[in-house]
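Trainee: You'll find data-v1.cif just under this line, and it carries mmCIF, C-alpha atoms.
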```cif
data_entry
#
loop_
_atom_site.label_atom_id
_atom_site.label_comp_id
_atom_site.auth_asym_id
_atom_site.auth_seq_id
_atom_site.Cartn_x
_atom_site.Cartn_y
_atom_site.Cartn_z
CA MET A 1 10.83 31.98 17.19
CA PHE A 2 10.64 29.13 14.70
CA SER A 3 13.86 27.34 13.96
CA GLN A 4 14.64 26.48 10.32
CA VAL A 5 13.74 22.83 10.69
CA GLN A 6 10.47 23.73 12.40
CA THR A 7 9.56 26.17 9.62
CA VAL A 8 10.19 23.49 7.02
CA SER A 9 8.16 20.85 8.82
CA VAL A 10 5.24 23.21 9.50
CA LEU A 11 5.14 24.32 5.86
CA GLY A 12 5.60 20.74 4.64
CA SER A 13 2.81 19.23 6.68
CA LEU A 14 0.54 22.19 5.97
CA ALA A 15 1.13 21.75 2.23
CA LEU A 16 0.41 18.01 2.53
CA LEU A 17 -2.85 18.69 4.36
CA LEU A 18 -3.94 21.26 1.75
CA VAL A 19 -3.06 18.97 -1.18
CA ILE A 20 -5.08 16.13 0.40
CA LEU A 21 -8.10 18.35 1.06
CA GLU A 22 -7.91 19.72 -2.49
CA LEU A 23 -7.80 16.19 -3.94
CA VAL A 24 -10.87 15.24 -1.90
CA ARG A 25 -12.67 18.42 -2.97
CA LYS A 26 -11.98 17.66 -6.64
CA GLY A 27 -13.17 14.10 -6.13
CA ARG A 28 -9.82 12.59 -7.11
CA LEU A 29 -9.30 11.08 -3.65
CA ALA A 30 -12.27 9.26 -2.15
CA GLU A 31 -13.31 10.36 1.33
CA GLU A 32 -12.91 6.90 2.85
CA PHE A 33 -9.30 6.68 1.67
CA SER A 34 -8.48 10.26 2.70
CA LEU A 35 -9.13 9.84 6.41
CA LEU A 36 -5.80 8.16 7.18
CA TRP A 37 -4.01 10.77 5.05
CA ILE A 38 -5.72 13.68 6.84
CA LEU A 39 -4.85 12.11 10.19
CA THR A 40 -1.21 11.75 9.09
CA ALA A 41 -0.90 15.34 7.90
CA GLY A 42 -2.83 16.63 10.94
CA VAL A 43 -0.60 14.89 13.46
CA LEU A 44 2.56 16.00 11.68
CA LEU A 45 1.32 19.61 11.58
CA LEU A 46 0.36 19.51 15.26
CA LEU A 47 3.74 18.13 16.33
CA SER A 48 5.55 20.69 14.16
CA LEU A 49 3.67 23.64 15.62
CA TRP A 50 3.60 22.44 19.20
CA ARG A 51 7.25 22.02 20.12
CA GLY A 52 6.46 21.09 23.75
CA VAL A 53 4.73 17.83 22.84
CA LEU A 54 7.48 16.87 20.39
CA ASP A 55 10.19 17.59 23.01
CA LEU A 56 8.32 15.50 25.58
CA LEU A 57 7.92 12.64 23.11
CA ALA A 58 11.60 12.80 22.15
CA ALA A 59 12.68 12.83 25.79
CA ALA A 60 10.43 9.88 26.60
CA LEU A 61 11.94 7.88 23.72
CA GLY A 62 15.51 8.96 24.52
CA ILE A 63 15.87 10.85 21.25
CA PHE A 64 18.36 13.72 21.60
CA TYR A 65 17.29 15.70 18.56
CA PRO A 66 13.49 16.26 18.78
CA PRO A 67 12.87 16.68 15.01
CA SER A 68 14.04 13.06 14.66
CA ALA A 69 10.97 12.06 16.68
CA LEU A 70 8.89 13.81 14.02
CA PHE A 71 10.49 11.61 11.34
CA LEU A 72 9.75 8.56 13.46
CA VAL A 73 6.08 9.49 13.79
CA GLY A 74 5.91 10.26 10.07
CA PHE A 75 7.51 6.93 9.23
CA GLY A 76 5.01 5.10 11.43
CA PHE A 77 2.12 6.72 9.59
CA VAL A 78 3.68 5.92 6.20
CA LEU A 79 3.90 2.25 7.22
CA LEU A 80 0.23 2.35 8.26
CA LEU A 81 -0.77 3.91 4.95
CA ILE A 82 1.11 1.27 2.93
CA LEU A 83 -0.43 -1.55 4.94
CA HIS A 84 -3.83 0.03 4.41
CA PHE A 85 -3.22 0.04 0.65
CA SER A 86 -2.06 -3.59 0.66
CA ILE A 87 -5.33 -4.55 2.31
CA ILE A 88 -7.30 -2.57 -0.26
CA VAL A 89 -5.31 -4.08 -3.15
CA SER A 90 -5.97 -7.59 -1.81
CA ARG A 91 -9.68 -6.89 -1.65
CA LEU A 92 -9.73 -5.36 -5.12
CA SER A 93 -7.88 -8.29 -6.66
CA ARG A 94 -10.33 -10.72 -5.06
CA GLN A 95 -13.28 -8.71 -6.39
CA ASN A 96 -11.59 -8.43 -9.78
CA ARG A 97 -11.16 -12.21 -9.91
CA GLU A 98 -14.83 -12.79 -9.06
CA LEU A 99 -15.93 -10.32 -11.73
CA ALA A 100 -13.74 -11.89 -14.41
CA GLN A 101 -15.06 -15.35 -13.52
CA ALA A 102 -18.68 -14.19 -13.59
CA LEU A 103 -18.14 -12.45 -16.93
CA ALA A 104 -16.53 -15.54 -18.49
CA LEU A 105 -19.32 -17.82 -17.24
CA LEU A 106 -22.03 -15.44 -18.51
CA ARG A 107 -20.43 -15.34 -21.96
CA THR A 108 -20.34 -19.13 -21.99
CA GLU A 109 -24.01 -19.26 -21.05
CA ILE A 110 -24.88 -16.91 -23.89
CA GLU A 111 -22.86 -19.04 -26.31
CA GLU A 112 -24.68 -22.17 -25.13
CA ALA A 113 -28.09 -20.49 -25.35
CA LYS A 114 -27.39 -19.43 -28.95
CA GLU A 115 -26.39 -22.95 -29.93
CA GLU A 116 -29.51 -24.44 -28.40
CA LYS A 117 -31.80 -22.23 -30.47
CA MET B 118 -29.08 -23.64 -16.01
CA SER B 119 -29.28 -25.99 -18.94
CA GLY B 120 -30.98 -29.33 -18.56
CA ARG B 121 -28.18 -31.42 -20.02
CA GLY B 122 -25.02 -32.39 -18.25
CA LYS B 123 -25.46 -34.30 -15.00
CA GLY B 124 -22.61 -36.58 -16.04
CA ILE B 125 -18.90 -36.10 -16.01
CA VAL B 126 -17.19 -32.87 -16.97
CA VAL B 127 -13.49 -32.70 -17.79
CA LEU B 128 -11.99 -29.32 -16.90
CA VAL B 129 -8.89 -28.35 -18.88
CA PRO B 130 -7.06 -25.22 -17.71
CA ALA B 131 -4.98 -23.74 -20.52
CA PHE B 132 -2.79 -20.67 -20.77
CA ASN B 133 -1.07 -20.29 -24.15
CA GLU B 134 -1.22 -24.01 -24.97
CA GLU B 135 -2.23 -23.81 -28.64
CA GLU B 136 0.19 -26.59 -29.58
CA THR B 137 -1.24 -29.17 -27.20
CA VAL B 138 -4.76 -28.23 -26.14
CA GLY B 139 -6.46 -29.61 -29.25
CA ARG B 140 -4.78 -32.98 -28.84
CA VAL B 141 -5.68 -33.10 -25.13
CA VAL B 142 -9.35 -32.43 -25.92
CA ARG B 143 -9.45 -35.11 -28.63
CA GLU B 144 -7.75 -37.63 -26.35
CA VAL B 145 -10.27 -36.94 -23.60
CA TYR B 146 -13.17 -37.50 -26.01
CA GLU B 147 -11.53 -40.76 -27.11
CA ALA B 148 -11.14 -41.95 -23.53
CA LEU B 149 -14.55 -40.73 -22.32
CA PRO B 150 -16.90 -40.19 -25.27
CA GLU B 151 -19.84 -39.31 -23.03
CA ALA B 152 -18.00 -36.63 -21.02
CA ALA B 153 -18.34 -32.89 -21.51
CA VAL B 154 -14.99 -31.15 -22.05
CA VAL B 155 -14.61 -27.57 -20.87
CA VAL B 156 -11.40 -25.69 -21.62
CA LEU B 157 -10.68 -22.82 -19.25
CA ASN B 158 -8.82 -20.41 -21.47
CA ASP B 159 -6.98 -18.26 -18.94
CA GLY B 160 -6.51 -15.11 -21.01
CA SER B 161 -4.25 -16.77 -23.58
CA ALA B 162 -2.61 -14.52 -26.17
CA ASP B 163 -2.33 -17.32 -28.74
CA ARG B 164 -4.89 -19.53 -30.53
CA THR B 165 -5.65 -21.73 -27.50
CA GLY B 166 -9.37 -20.85 -27.59
CA GLN B 167 -9.76 -21.54 -31.33
CA GLU B 168 -7.81 -24.81 -31.18
CA ALA B 169 -9.93 -26.04 -28.26
CA ARG B 170 -13.20 -25.15 -30.05
CA ARG B 171 -11.98 -26.81 -33.23
CA ALA B 172 -11.41 -30.01 -31.23
CA GLY B 173 -15.00 -29.80 -30.02
CA ALA B 174 -14.61 -28.48 -26.48
CA ARG B 175 -16.77 -25.93 -24.75
CA VAL B 176 -14.46 -22.96 -24.05
CA VAL B 177 -14.76 -20.56 -21.15
CA ASP B 178 -12.69 -17.50 -22.11
CA LEU B 179 -11.43 -15.56 -19.12
CA PRO B 180 -11.07 -11.90 -20.13
CA VAL B 181 -7.71 -11.55 -18.34
CA ASN B 182 -5.10 -13.99 -17.08
CA LEU B 183 -6.22 -14.89 -13.55
CA GLY B 184 -3.79 -17.71 -12.79
CA ILE B 185 -4.39 -21.43 -12.58
CA GLY B 186 -6.31 -21.32 -9.26
CA ALA B 187 -8.93 -18.83 -10.35
CA ALA B 188 -9.21 -20.50 -13.77
CA MET B 189 -9.84 -23.89 -12.14
CA GLN B 190 -12.43 -22.37 -9.82
CA THR B 191 -14.23 -20.95 -12.85
CA GLY B 192 -14.49 -24.52 -14.10
CA TYR B 193 -15.86 -25.73 -10.77
CA ARG B 194 -18.42 -22.91 -10.81
CA TYR B 195 -19.46 -24.01 -14.29
CA ALA B 196 -19.74 -27.63 -13.11
CA ALA B 197 -21.65 -26.62 -9.97
CA ALA B 198 -24.18 -24.51 -11.88
CA ARG B 199 -24.88 -27.26 -14.42
CA GLY B 200 -25.24 -30.10 -11.96
CA PHE B 201 -22.39 -32.37 -13.07
CA ARG B 202 -21.85 -35.23 -10.66
CA ALA B 203 -18.10 -35.48 -11.18
CA ALA B 204 -15.37 -33.17 -12.47
CA VAL B 205 -11.93 -34.22 -13.71
CA GLN B 206 -8.97 -31.85 -14.00
CA VAL B 207 -6.65 -32.46 -16.94
CA ASP B 208 -3.88 -29.98 -17.75
CA GLY B 209 -3.92 -28.43 -21.20
CA ASP B 210 -0.19 -28.98 -21.72
CA GLY B 211 -0.55 -32.70 -22.38
CA GLN B 212 1.31 -34.05 -19.35
CA HIS B 213 -1.75 -35.94 -18.11
CA ILE B 214 -2.90 -39.05 -19.94
CA PRO B 215 -6.69 -38.99 -20.50
CA SER B 216 -6.92 -42.78 -20.74
CA GLU B 217 -5.95 -42.79 -17.03
CA ILE B 218 -9.11 -40.85 -16.07
CA PRO B 219 -11.14 -44.01 -15.32
CA VAL B 220 -8.58 -44.80 -12.58
CA LEU B 221 -9.48 -41.52 -10.86
CA LEU B 222 -13.22 -42.01 -11.36
CA GLY B 223 -12.88 -45.50 -9.92
CA ALA B 224 -11.50 -44.02 -6.70
CA LEU B 225 -14.54 -41.72 -6.48
CA GLU B 226 -16.82 -44.70 -6.87
CA GLU B 227 -14.97 -46.39 -4.02
CA GLY B 228 -15.90 -43.48 -1.77
CA ALA B 229 -13.19 -40.87 -2.17
CA ASP B 230 -14.39 -37.25 -2.47
CA LEU B 231 -11.26 -36.19 -4.34
CA ALA B 232 -8.90 -38.51 -6.19
CA VAL B 233 -5.39 -37.24 -6.95
CA GLY B 234 -3.35 -38.93 -9.66
CA SER B 235 0.05 -39.42 -8.07
CA ARG B 236 3.28 -39.69 -10.01
CA PHE B 237 4.97 -41.78 -7.38
CA LEU B 238 2.70 -44.66 -6.63
CA ASP B 239 4.45 -47.36 -8.62
CA ARG B 240 3.08 -47.19 -12.15
CA GLY B 241 4.94 -45.50 -14.98
CA SER B 242 8.46 -44.16 -15.16
CA TYR B 243 7.89 -40.46 -14.78
CA ARG B 244 10.98 -38.44 -13.90
CA ALA B 245 10.32 -34.82 -12.94
CA PRO B 246 13.03 -32.13 -13.14
CA ALA B 247 15.10 -31.69 -9.96
CA LEU B 248 13.53 -28.46 -8.65
CA ARG B 249 10.08 -29.79 -9.35
CA ARG B 250 10.92 -33.00 -7.48
CA LEU B 251 12.18 -31.01 -4.51
CA GLY B 252 8.91 -29.04 -4.42
CA ILE B 253 6.87 -32.23 -4.65
CA VAL B 254 8.75 -33.87 -1.75
CA PHE B 255 8.64 -30.70 0.37
CA PHE B 256 4.91 -30.06 -0.03
CA GLY B 257 4.16 -33.74 0.39
CA ALA B 258 5.93 -33.62 3.75
CA VAL B 259 4.25 -30.35 4.81
CA VAL B 260 0.73 -31.48 3.88
CA THR B 261 1.33 -34.85 5.53
CA LEU B 262 2.46 -33.07 8.69
CA LEU B 263 -0.50 -30.65 8.72
CA THR B 264 -3.22 -33.17 7.90
CA GLY B 265 -1.82 -36.21 9.65
CA LYS B 266 -2.43 -38.20 6.46
CA ARG B 267 0.24 -39.54 4.16
CA PHE B 268 0.50 -37.64 0.86
CA ARG B 269 3.23 -38.08 -1.71
CA ASP B 270 2.31 -35.92 -4.68
CA THR B 271 0.26 -32.94 -3.55
CA THR B 272 1.26 -30.82 -6.57
CA SER B 273 -0.36 -33.08 -9.14
CA GLY B 274 -3.12 -31.30 -11.07
CA PHE B 275 -4.56 -34.58 -12.39
CA ARG B 276 -7.65 -34.98 -10.20
CA ALA B 277 -11.25 -36.03 -10.02
CA ALA B 278 -13.84 -34.50 -7.69
CA ASN B 279 -17.31 -35.66 -6.74
CA ARG B 280 -20.41 -33.47 -6.54
CA ARG B 281 -19.83 -32.34 -2.94
CA VAL B 282 -16.27 -31.25 -3.73
CA ILE B 283 -17.43 -29.46 -6.90
CA GLU B 284 -19.82 -27.40 -4.79
CA PHE B 285 -17.13 -26.79 -2.17
CA PHE B 286 -14.52 -25.71 -4.74
CA ALA B 287 -17.04 -23.41 -6.43
CA ARG B 288 -17.04 -21.43 -3.19
CA HIS B 289 -13.54 -22.04 -1.81
CA TYR B 290 -10.55 -22.48 -4.06
CA PRO B 291 -7.02 -21.18 -3.49
CA SER B 292 -5.38 -18.85 -5.98
CA ASP B 293 -1.98 -18.88 -7.69
CA TYR B 294 -0.52 -22.35 -7.00
CA PRO B 295 -3.54 -24.11 -5.62
CA GLU B 296 -2.86 -27.85 -5.64
CA PRO B 297 -1.35 -28.57 -2.18
CA GLU B 298 -3.61 -25.99 -0.52
CA ALA B 299 -6.75 -27.47 -2.09
CA ILE B 300 -5.93 -30.84 -0.53
CA LEU B 301 -5.42 -29.23 2.88
CA LEU B 302 -8.70 -27.28 2.59
CA LEU B 303 -10.62 -30.45 1.79
CA CYS B 304 -9.03 -32.46 4.61
CA ARG B 305 -9.77 -29.67 7.08
CA ALA B 306 -13.40 -29.55 5.94
CA GLY B 307 -13.74 -33.29 6.52
CA PHE B 308 -13.57 -34.56 2.94
CA HIS B 309 -11.90 -37.80 2.02
CA VAL B 310 -8.91 -37.23 -0.28
CA ARG B 311 -7.19 -40.22 -1.86
CA GLU B 312 -4.06 -40.59 -3.93
CA VAL B 313 -4.08 -43.11 -6.73
CA ALA B 314 -1.28 -44.24 -9.01
CA ALA B 315 -1.40 -42.62 -12.42
CA ARG B 316 0.95 -42.56 -15.36
CA LEU B 317 2.21 -39.19 -16.55
CA ARG B 318 4.28 -38.14 -19.51
CA GLU B 319 6.68 -35.35 -20.32
CA ARG B 320 5.13 -32.05 -21.28
CA GLY B 321 3.92 -32.13 -24.87
CA GLY B 322 4.74 -28.49 -25.61
CA GLY B 323 4.83 -25.05 -24.09
CA HIS B 324 6.63 -24.70 -20.78
CA SER B 325 5.74 -25.05 -17.12
CA SER B 326 4.14 -22.04 -15.47
CA ILE B 327 6.78 -22.44 -12.77
CA THR B 328 10.22 -21.19 -13.81
CA ALA B 329 13.26 -21.72 -11.59
CA LEU B 330 13.21 -18.10 -10.46
CA ARG B 331 9.57 -18.23 -9.45
CA GLY B 332 10.20 -21.50 -7.66
CA LEU B 333 11.23 -19.78 -4.46
CA PHE B 334 8.21 -17.48 -4.47
CA TYR B 335 6.04 -20.53 -5.16
CA ILE B 336 7.49 -22.49 -2.26
CA PHE B 337 7.15 -19.57 0.15
CA LYS B 338 3.65 -18.62 -0.94
CA VAL B 339 2.29 -22.15 -0.72
CA PHE B 340 4.03 -22.82 2.58
CA LEU B 341 2.55 -19.66 4.11
CA ALA B 342 -0.87 -20.49 2.68
CA LEU B 343 -0.68 -24.01 4.10
CA VAL B 344 0.27 -22.78 7.58
CA MET B 345 -2.41 -20.06 7.51
CA GLY B 346 -4.94 -22.57 6.26
CA THR B 347 -4.21 -24.66 9.32
CA VAL B 348 -4.45 -21.75 11.74
CA ARG B 349 -7.65 -20.19 10.45
CA ARG B 350 -11.07 -21.71 10.90
CA PRO B 351 -11.79 -24.17 8.10
CA PRO B 352 -14.61 -23.44 5.67
CA ARG B 353 -17.43 -25.91 6.20
CA ALA B 354 -18.78 -28.27 3.64
CA GLU B 355 -22.44 -27.36 3.28
CA GLU B 356 -25.16 -29.81 2.50
#
```
Rewrite the structure of this file - the entire thing - as structure tokens.
Mentor:
Amino acid sequence: MFSQVQTVSVLGSLALLLVILELVRKGRLAEEFSLLWILTAGVLLLLSLWRGVLDLLAAALGIFYPPSALFLVGFGFVLLLILHFSIIVSRLSRQNRELAQALALLRTEIEEAKEEK
Amino acid sequence: MSGRGKGIVVLVPAFNEEETVGRVVREVYEALPEAAVVVLNDGSADRTGQEARRAGARVVDLPVNLGIGAAMQTGYRYAAARGFRAAVQVDGDGQHIPSEIPVLLGALEEGADLAVGSRFLDRGSYRAPALRRLGIVFFGAVVTLLTGKRFRDTTSGFRAANRRVIEFFARHYPSDYPEPEAILLLCRAGFHVREVAARLRERGGGHSSITALRGLFYIFKVFLALVMGTVRRPPRAEE
């Protein structure tokens, strides 16, 4: 029998997984960025369904209430996701800077070429 | 690449400096009639670009505000592509005195790769605001500690660079608040950086890009960048 909290976490992680897959299918979430999300939802779903593993994990960490271990795992994945985004944002801002510089220099070259004619 | 140039280019970063940029450009032409003046208009919302053009400068308009570091690097890329042998940085807010440029260029001729106009080496009576002074002293101490060379005013944006540094900066230039970090980068890559005494004046208009509230962020960001710059492998100066 599923307890209430287990039902909620199974449905929650299942919904998350389906939303992610739907976003990828529609092309609104790029495949390369979805992998970490799918892994997150997959692990949460697995731990929700498979009580034995969660209980073992909780016992090993000295957590008395096993669903708390689920929150811990979820939190760890959320941290990973945010870090992942910070890395992507850093890369994008560097690329954005290079593009803006190249654009400005090209415009200047055009202006100079026009004046020389 | 155009055939002209080859001489000295004066790079003027400007972000909403319509009140002062025209005067700065004219003063530079007065001090160095043969120099090319390039204003790096960092996404200004005011008439900075028009005022600079009216004063006779070449204007590079950045489509968005990138910050002083990226704007400066755009200037170095311009100078690198057109083969200028020396580049001088003069702020668009009027705090640098163009007639002092020959002092910087003199240091290059004496063998320095980068000459930094320092507020503290004797000449002039410049008094910076308290927070600014604290930052100057702090970064001077940090850069001195990390490079093993004595620096007093690492935040000064009044500088002259030779051809090798122009090419280096075109590829490697720090973002946001670049001045202390640029000195560290050059020292780590084996360039010779020299401070020279230069007069400065109060800002002619506009306001500093560094407000008191952003001061803390500035200090932390630059400190972290300096430490990281020391830990990571230095970019090499290429021939």
Trainee: Counting all atoms listed in the file, which residues of chain B come no farther than 10 Å from chain A, as number ranges by chain?
Mentor: B: 118-119, 157-159, 175-184, 187-188, 190-192, 194-195, 198, 292
Trainee: If the PyMOL selection byres ((chain B and resi 343) around 10) is run on the structure shown, which residues does it catch, given as a list of chain:residue names?
Mentor: B:Phe256, B:Val259, B:Val260, B:Leu263, B:Pro297, B:Glu298, B:Ala299, B:Ile300, B:Leu301, B:Leu302, B:Phe337, B:Lys338, B:Val339, B:Phe340, B:Leu341, B:Ala342, B:Val344, B:Met345, B:Gly346, B:Thr347, B:Val348
Trainee: Name the residues that the PyMOL selection byres ((chain A and resi 17) around 12) pulls out of this structure, and write them as a count of residues only.
Mentor: 27
Trainee: Provide the atom CA of B:His213 to atom CA of B:Arg236 distance in Å, to one decimal place.
Mentor: 10.2 Å
Trainee: Applied to this file, what does the PyMOL selection byres ((chain A and resi 48-51) around 12) return in terms of residues, put as a PyMOL selection string?
Mentor: chain A and resi 1-14+41-47+52-58+65-71+73-74
